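Chemist: Got a file for you: protein29.csv, CSV, C-alpha atoms.
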chain,number,residue,atom,x,y,z
A,21,MET,CA,18.1,-4.3,7.9
A,22,ILE,CA,18.8,-0.6,8.3
A,23,GLY,CA,17.0,2.0,10.4
A,24,ASP,CA,16.7,2.8,14.1
A,25,GLY,CA,13.0,2.1,14.7
A,26,PRO,CA,11.1,-1.1,15.4
A,27,VAL,CA,10.4,-3.1,12.3
A,28,TRP,CA,7.3,-5.0,13.1
A,29,PRO,CA,4.7,-4.7,14.5
A,30,ILE,CA,4.3,-1.0,14.2
A,31,GLU,CA,1.5,1.6,14.0
A,32,LEU,CA,1.6,4.9,12.1
A,33,ARG,CA,-0.9,7.5,13.1
A,34,ASP,CA,-1.9,10.8,11.5
A,35,THR,CA,-4.1,12.6,14.1
A,36,THR,CA,-5.1,15.4,11.8
A,37,ALA,CA,-7.0,13.1,9.5
A,38,ALA,CA,-7.7,10.3,12.0
A,39,VAL,CA,-5.9,7.8,9.8
A,40,THR,CA,-4.0,4.9,11.3
A,41,LEU,CA,-1.8,2.3,9.5
A,42,ARG,CA,-1.6,-0.8,11.7
A,43,PRO,CA,-1.1,-4.6,11.4
A,44,LEU,CA,-4.0,-6.5,10.0
A,45,ARG,CA,-5.6,-8.6,12.8
A,46,ARG,CA,-7.7,-11.8,12.9
A,47,GLY,CA,-10.3,-9.7,14.6
A,48,ASP,CA,-10.7,-7.6,11.5
A,49,GLU,CA,-12.2,-10.5,9.6
A,50,SER,CA,-15.9,-9.4,9.8
A,51,ALA,CA,-15.1,-5.8,9.0
A,52,TRP,CA,-12.8,-6.9,6.1
A,53,ARG,CA,-15.4,-9.1,4.6
A,54,GLU,CA,-18.1,-6.4,4.9
A,55,VAL,CA,-15.8,-3.8,3.2
A,56,ARG,CA,-14.7,-6.2,0.5
A,57,ALA,CA,-18.3,-7.3,-0.2
A,58,PHE,CA,-19.6,-3.7,-0.4
A,59,ASN,CA,-16.8,-2.8,-2.8
A,60,ARG,CA,-16.7,-6.0,-4.9
A,61,ASP,CA,-17.6,-4.4,-8.2
A,62,TRP,CA,-15.6,-1.2,-7.5
A,63,LEU,CA,-12.4,-3.2,-6.7
A,64,ARG,CA,-12.6,-6.0,-9.2
A,65,PRO,CA,-11.0,-4.3,-12.2
A,66,TRP,CA,-7.9,-3.6,-10.1
A,67,ASP,CA,-7.6,-6.7,-7.9
A,68,ALA,CA,-4.7,-9.1,-8.4
A,69,THR,CA,-5.7,-12.6,-9.3
A,70,LEU,CA,-3.9,-16.0,-9.4
A,71,PRO,CA,-2.8,-17.1,-12.9
A,72,VAL,CA,-2.6,-20.8,-12.1
A,73,PRO,CA,-6.0,-22.6,-12.8
A,74,GLY,CA,-7.5,-24.2,-9.7
A,75,GLN,CA,-5.2,-22.3,-7.3
A,76,GLU,CA,-7.2,-21.1,-4.3
A,77,THR,CA,-7.0,-17.7,-2.7
A,78,PRO,CA,-5.9,-18.1,0.9
A,79,SER,CA,-8.5,-17.7,3.7
A,80,PHE,CA,-8.5,-14.4,5.7
A,81,ARG,CA,-6.8,-16.0,8.7
A,82,SER,CA,-4.2,-17.6,6.4
A,83,MET,CA,-3.6,-14.2,4.8
A,84,VAL,CA,-3.1,-12.6,8.2
A,85,ARG,CA,-0.6,-15.3,9.3
A,86,MET,CA,1.3,-15.0,6.0
A,87,TYR,CA,1.5,-11.2,6.3
A,88,ASP,CA,2.7,-11.4,9.9
A,89,LYS,CA,5.5,-14.0,9.0
A,90,GLN,CA,6.6,-11.9,6.0
A,91,ALA,CA,6.7,-8.7,8.1
A,92,LYS,CA,8.7,-10.3,10.9
A,93,ARG,CA,11.2,-11.5,8.3
A,94,GLY,CA,11.5,-8.0,6.9
A,95,GLN,CA,10.0,-9.1,3.5
A,96,SER,CA,6.9,-6.8,3.7
A,97,VAL,CA,5.2,-4.1,5.7
A,98,PRO,CA,1.4,-5.0,5.6
A,99,PHE,CA,-0.9,-2.4,7.0
A,100,ALA,CA,-4.7,-2.2,7.6
A,101,ILE,CA,-5.9,1.3,6.9
A,102,GLU,CA,-8.1,2.6,9.7
A,103,VAL,CA,-10.1,5.8,9.5
A,104,ALA,CA,-11.7,7.2,12.6
A,105,GLY,CA,-11.2,3.8,14.3
A,106,GLU,CA,-12.9,1.8,11.5
A,107,PHE,CA,-11.3,-0.6,9.1
A,108,ARG,CA,-11.3,0.9,5.6
A,109,GLY,CA,-8.7,-0.8,3.4
A,110,GLN,CA,-5.2,-2.1,3.2
A,111,LEU,CA,-1.7,-0.9,2.2
A,112,THR,CA,1.1,-3.3,1.8
A,113,VAL,CA,4.8,-2.6,1.1
A,114,SER,CA,5.8,-5.9,-0.5
A,115,GLY,CA,8.8,-7.3,-2.3
A,116,ILE,CA,11.2,-5.7,0.1
A,117,THR,CA,14.8,-6.3,-1.0
A,118,TRP,CA,17.7,-5.5,1.3
A,119,GLY,CA,21.5,-5.5,0.6
A,120,SER,CA,22.6,-3.4,-2.3
A,121,ILE,CA,19.0,-2.6,-3.6
A,122,LEU,CA,17.0,-1.4,-0.5
A,123,SER,CA,13.7,-1.2,-2.3
A,124,GLY,CA,10.0,-2.1,-1.9
A,125,GLN,CA,6.7,-1.8,-3.7
A,126,ILE,CA,3.5,-0.3,-2.4
A,127,GLY,CA,0.0,-1.6,-3.2
A,128,TYR,CA,-3.3,-0.5,-1.7
A,129,TRP,CA,-7.0,-0.5,-1.9
A,130,ILE,CA,-9.6,1.7,-0.1
A,131,ASP,CA,-13.3,1.5,0.8
A,132,SER,CA,-15.2,3.6,-1.8
A,133,ARG,CA,-17.3,5.1,1.0
A,134,VAL,CA,-14.2,7.1,2.1
A,135,ALA,CA,-12.6,7.6,-1.3
A,136,GLY,CA,-12.0,11.1,-2.6
A,137,ARG,CA,-11.0,12.5,0.9
A,138,GLY,CA,-7.3,12.3,0.4
A,139,ILE,CA,-6.9,9.2,2.6
A,140,THR,CA,-5.1,7.0,0.1
A,141,PRO,CA,-2.4,9.6,-0.8
A,142,LEU,CA,-2.0,10.3,2.9
A,143,ALA,CA,-1.6,6.6,3.7
A,144,VAL,CA,0.9,6.2,0.9
A,145,ALA,CA,2.9,9.2,2.1
A,146,MET,CA,2.9,7.9,5.7
A,147,ALA,CA,4.1,4.5,4.5
A,148,THR,CA,6.7,5.9,2.1
A,149,ASP,CA,8.3,8.2,4.8
A,150,HIS,CA,8.3,5.2,7.2
A,151,CYS,CA,10.1,3.0,4.7
A,152,LEU,CA,12.7,5.6,3.6
A,153,PHE,CA,13.4,7.2,7.0
A,154,SER,CA,12.7,4.6,9.6
A,155,LEU,CA,13.4,1.3,7.8
A,156,GLY,CA,16.2,2.7,5.7
A,157,LEU,CA,15.0,1.7,2.3
A,158,HIS,CA,16.3,3.7,-0.7
A,159,ARG,CA,13.5,3.3,-3.3
A,160,ILE,CA,9.7,2.9,-3.2
A,161,GLU,CA,7.8,2.1,-6.3
A,162,ILE,CA,4.1,1.8,-7.2
A,163,ASN,CA,2.8,-0.1,-10.2
A,164,ILE,CA,-0.6,1.1,-11.6
A,165,ARG,CA,-2.7,0.0,-14.6
A,166,PRO,CA,-2.9,2.8,-17.1
A,167,GLU,CA,-6.7,2.7,-16.9
A,168,ASN,CA,-6.8,3.3,-13.1
A,169,ALA,CA,-7.3,7.1,-13.1
A,170,ALA,CA,-7.9,7.2,-9.3
A,171,SER,CA,-4.5,5.6,-8.5
A,172,LEU,CA,-2.8,7.7,-11.1
A,173,ARG,CA,-4.0,10.8,-9.3
A,174,VAL,CA,-2.5,9.4,-6.0
A,175,VAL,CA,1.1,9.3,-7.4
A,176,GLU,CA,0.6,12.6,-9.2
A,177,LYS,CA,-0.3,14.3,-6.0
A,178,LEU,CA,2.7,12.8,-4.2
A,179,GLY,CA,5.2,13.5,-7.0
A,180,PHE,CA,6.2,10.0,-7.8
A,181,ARG,CA,8.3,9.8,-11.0
A,182,ASP,CA,6.8,8.0,-14.0
A,183,GLU,CA,9.4,5.4,-15.1
A,184,GLY,CA,7.4,3.9,-18.0
A,185,LEU,CA,5.3,1.0,-19.0
A,186,ARG,CA,5.7,-2.7,-18.1
A,187,ARG,CA,4.0,-5.0,-20.5
A,188,ASN,CA,1.9,-7.8,-19.1
A,189,TYR,CA,3.4,-7.1,-15.7
A,190,MET,CA,0.8,-8.5,-13.3
A,191,HIS,CA,-2.3,-10.8,-13.4
A,192,ILE,CA,-5.3,-8.5,-12.7
A,193,ASP,CA,-9.0,-9.4,-12.9
A,194,GLY,CA,-8.2,-12.7,-14.6
A,195,ARG,CA,-5.6,-11.6,-17.2
A,196,TRP,CA,-2.1,-10.3,-17.6
A,197,SER,CA,-2.2,-6.5,-17.6
A,198,ASP,CA,0.2,-3.7,-18.5
A,199,HIS,CA,1.2,-1.4,-15.6
A,200,ARG,CA,3.0,2.0,-15.4
A,201,THR,CA,5.8,2.1,-12.8
A,202,PHE,CA,6.2,5.2,-10.6
A,203,ALA,CA,9.0,5.5,-8.1
A,204,LEU,CA,10.8,7.7,-5.6
A,205,THR,CA,14.2,7.4,-4.1
A,206,VAL,CA,15.4,9.0,-0.9
A,207,GLU,CA,17.4,11.5,-2.9
A,208,ASP,CA,14.1,12.7,-4.5
A,209,VAL,CA,12.5,13.4,-1.2
A,210,PRO,CA,15.3,14.1,1.4
A,211,HIS,CA,12.9,15.7,3.8
A,212,GLY,CA,9.9,13.3,3.2
A,213,ILE,CA,6.7,13.7,1.4
A,214,LEU,CA,4.1,13.7,4.2
A,215,ALA,CA,4.4,17.4,5.2
A,216,ALA,CA,4.6,18.5,1.6
A,217,PHE,CA,1.4,16.6,0.8
A,218,ARG,CA,-0.4,18.2,3.8
A,219,HIS,CA,0.6,21.6,2.5
A,220,GLY,CA,-0.3,20.8,-1.1
A,221,THR,CA,3.2,21.4,-2.4
A,222,GLY,CA,4.2,17.9,-3.6
A,223,GLY,CA,7.7,16.6,-4.1
A,224,GLY,CA,8.5,16.4,-0.4
A,225,HIS,CA,10.0,19.6,1.0
A,226,GLY,CA,8.6,19.1,4.5
A,227,GLY,CA,9.8,16.7,7.2
A,228,PRO,CA,8.5,13.3,8.1
A,229,GLY,CA,5.6,14.0,10.5
A,230,VAL,CA,3.8,10.9,11.7
A,231,SER,CA,3.7,9.4,15.1
A,232,ARG,CA,4.8,5.8,15.6
A,233,ALA,CA,3.8,3.3,18.2
Translate the structure described by the file into structure tokens.
Modeler:
Amino acid sequence: MIGDGPVWPIELRDTTAAVTLRPLRRGDESAWREVRAFNRDWLRPWDATLPVPGQETPSFRSMVRMYDKQAKRGQSVPFAIEVAGEFRGQLTVSGITWGSILSGQIGYWIDSRVAGRGITPLAVAMATDHCLFSLGLHRIEINIRPENAASLRVVEKLGFRDEGLRRNYMHIDGRWSDHRTFALTVEDVPHGILAAFRHGTGGGHGGPGVSRA
């Protein structure tokens, strides 16, 4: 693995918006369940599902253990999204490939009660800058269903490049679904995208600007 910072565990904080990306913990279970229950109908059209009949979704604690193992192996960077000290969603950099590819994929979901406040694009910008400039990845991609207008606005705000449609790419809400692929490489954003997002310029002409712990 490349990069000069700690790989896992790590926290990323943006004090201007009181947003923290941190490891998901077993102690988050009650808050996680409350947020997921409140947003069940809002999230269902975009939630990944298991295509094998009878295959069970892992328990919350099993999920936390799985994420932690993957993160320590450098296979993923799984964050809880915390807003003003409260659990509000998740962002995971998954499918990390090292060697000659150096890439990863970002997926996320957010509590509808804090949606529309710029938290999701901020979190994606924080995670992208961390992956490109601390971990040393070369490419980050995000795959979005064409019907998901809110997520399409996230990548538009951040200047991710539209790389086209993938047919039947992922199993979502009980069926195989098309996705559009958006990506950035480090050459696209040599100075990061977080500062550019804060200033509303897009495309990443500012510098990486998030504290790490």
Chemist: From the list A:Gln125, A:Thr69, A:Thr140, A:Ser132, which residue is nearest Glu161 of chain A when using all atoms listed in the file?
Modeler: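 Using all atoms listed in the file, the shortest distance to Glu161 of chain A belongs to A:Gln125.
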Chemist: For a quick check of understanding, using all atoms listed in the file, which of A:Asp198, A:Asp61, A:Asp149, A:Glu176 has the smallest distance to Leu214 of chain A?
Modeler: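 Once distances to Leu214 of chain A are computed over all atoms listed in the file, the minimum belongs to A:Asp149.
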Chemist: For Val206 of chain A, find every residue with an atom within 9 Å (counting only C-alpha atoms), except residues of its own chain fewer than 2 positions away, and show them as a ChimeraX atom specification.
Modeler: /A:152-153,157-160,204,208-212
Chemist: Those same residues - C-alpha atoms - I'd like them written as a PDB file, in the coordinates of the input.
Modeler:
ATOM      1  CA  LEU A 152      12.700   5.600   3.600  1.00  0.00           C
ATOM      2  CA  PHE A 153      13.400   7.200   7.000  1.00  0.00           C
ATOM      3  CA  LEU A 157      15.000   1.700   2.300  1.00  0.00           C
ATOM      4  CA  HIS A 158      16.300   3.700  -0.700  1.00  0.00           C
ATOM      5  CA  ARG A 159      13.500   3.300  -3.300  1.00  0.00           C
ATOM      6  CA  ILE A 160       9.700   2.900  -3.200  1.00  0.00           C
ATOM      7  CA  LEU A 204      10.800   7.700  -5.600  1.00  0.00           C
ATOM      8  CA  ASP A 208      14.100  12.700  -4.500  1.00  0.00           C
ATOM      9  CA  VAL A 209      12.500  13.400  -1.200  1.00  0.00           C
ATOM     10  CA  PRO A 210      15.300  14.100   1.400  1.00  0.00           C
ATOM     11  CA  HIS A 211      12.900  15.700   3.800  1.00  0.00           C
ATOM     12  CA  GLY A 212       9.900  13.300   3.200  1.00  0.00           C
TER      13      GLY A 212
END
Chemist: Taking only C-alpha atoms into account, produce a table as JSON lines in which each residue of segment 129-183 of chain A with an atom at most 10 Å from an atom of segment 27-46 of chain A appears once, together with its shortest atom pair and the distance in Å to one decimal, ordered by chain and rising number.
Modeler:
{"residue": "A:Arg137", "atom": "CA", "partner": "A:Ala37", "partner_atom": "CA", "distance": 9.5}
{"residue": "A:Gly138", "atom": "CA", "partner": "A:Ala37", "partner_atom": "CA", "distance": 9.1}
{"residue": "A:Ile139", "atom": "CA", "partner": "A:Val39", "partner_atom": "CA", "distance": 7.4}
{"residue": "A:Thr140", "atom": "CA", "partner": "A:Val39", "partner_atom": "CA", "distance": 9.8}
{"residue": "A:Leu142", "atom": "CA", "partner": "A:Val39", "partner_atom": "CA", "distance": 8.3}
{"residue": "A:Ala143", "atom": "CA", "partner": "A:Leu41", "partner_atom": "CA", "distance": 7.2}
{"residue": "A:Val144", "atom": "CA", "partner": "A:Leu41", "partner_atom": "CA", "distance": 9.8}
{"residue": "A:Met146", "atom": "CA", "partner": "A:Leu32", "partner_atom": "CA", "distance": 7.2}
{"residue": "A:Ala147", "atom": "CA", "partner": "A:Leu32", "partner_atom": "CA", "distance": 8.0}
{"residue": "A:His150", "atom": "CA", "partner": "A:Leu32", "partner_atom": "CA", "distance": 8.3}
{"residue": "A:Cys151", "atom": "CA", "partner": "A:Val27", "partner_atom": "CA", "distance": 9.7}
{"residue": "A:Ser154", "atom": "CA", "partner": "A:Val27", "partner_atom": "CA", "distance": 8.5}
{"residue": "A:Leu155", "atom": "CA", "partner": "A:Val27", "partner_atom": "CA", "distance": 7.0}
Chemist: Given the choices A:Ile162, A:Leu70, A:Ala100, A:Ala145, which gets closest to Gly127 of chain A if the distance is worked out from all atoms listed in the file?
Modeler: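 Counting all atoms listed in the file, the residue closest to Gly127 of chain A is A:Ile162.
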Chemist: Take atom CA of Ser82 of chain A and atom CA of Ala68 of chain A and report the distance between them in Å, one decimal.
Modeler: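 Between atom CA of Ser82 of chain A and atom CA of Ala68 of chain A the gap works out to 17.1 Å.
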Chemist: Return the single residue from A:Ile130, A:Leu63, A:Ile101, A:Ile116 that is closest to Gly156 of chain A, with distances computed using only C-alpha atoms.
Modeler: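 Comparing A:Ile130, A:Leu63, A:Ile101, A:Ile116 against Gly156 of chain A, the winner is A:Ile116.
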Chemist: For the atom pair atom CA of Thr148 of chain A and atom CA of Ile213 of chain A, what is the interatomic distance in Å to one decimal place?
Modeler: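 A separation of 7.8 Å between them.
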Chemist: Quick one: distance from atom CA of Val113 of chain A to atom CA of Ser171 of chain A in Å, one decimal?
Modeler: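 Interatomic distance, atom CA of Val113 of chain A to atom CA of Ser171 of chain A: 15.7 Å.
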Chemist: For each of A:Val72, A:Ala203, A:Ala216, A:Val103, take the minimum atom-to-atom distance to Ser123 of chain A, counting all atoms listed in the file, then give the residue where this is smallest.
Modeler: A:Ala203
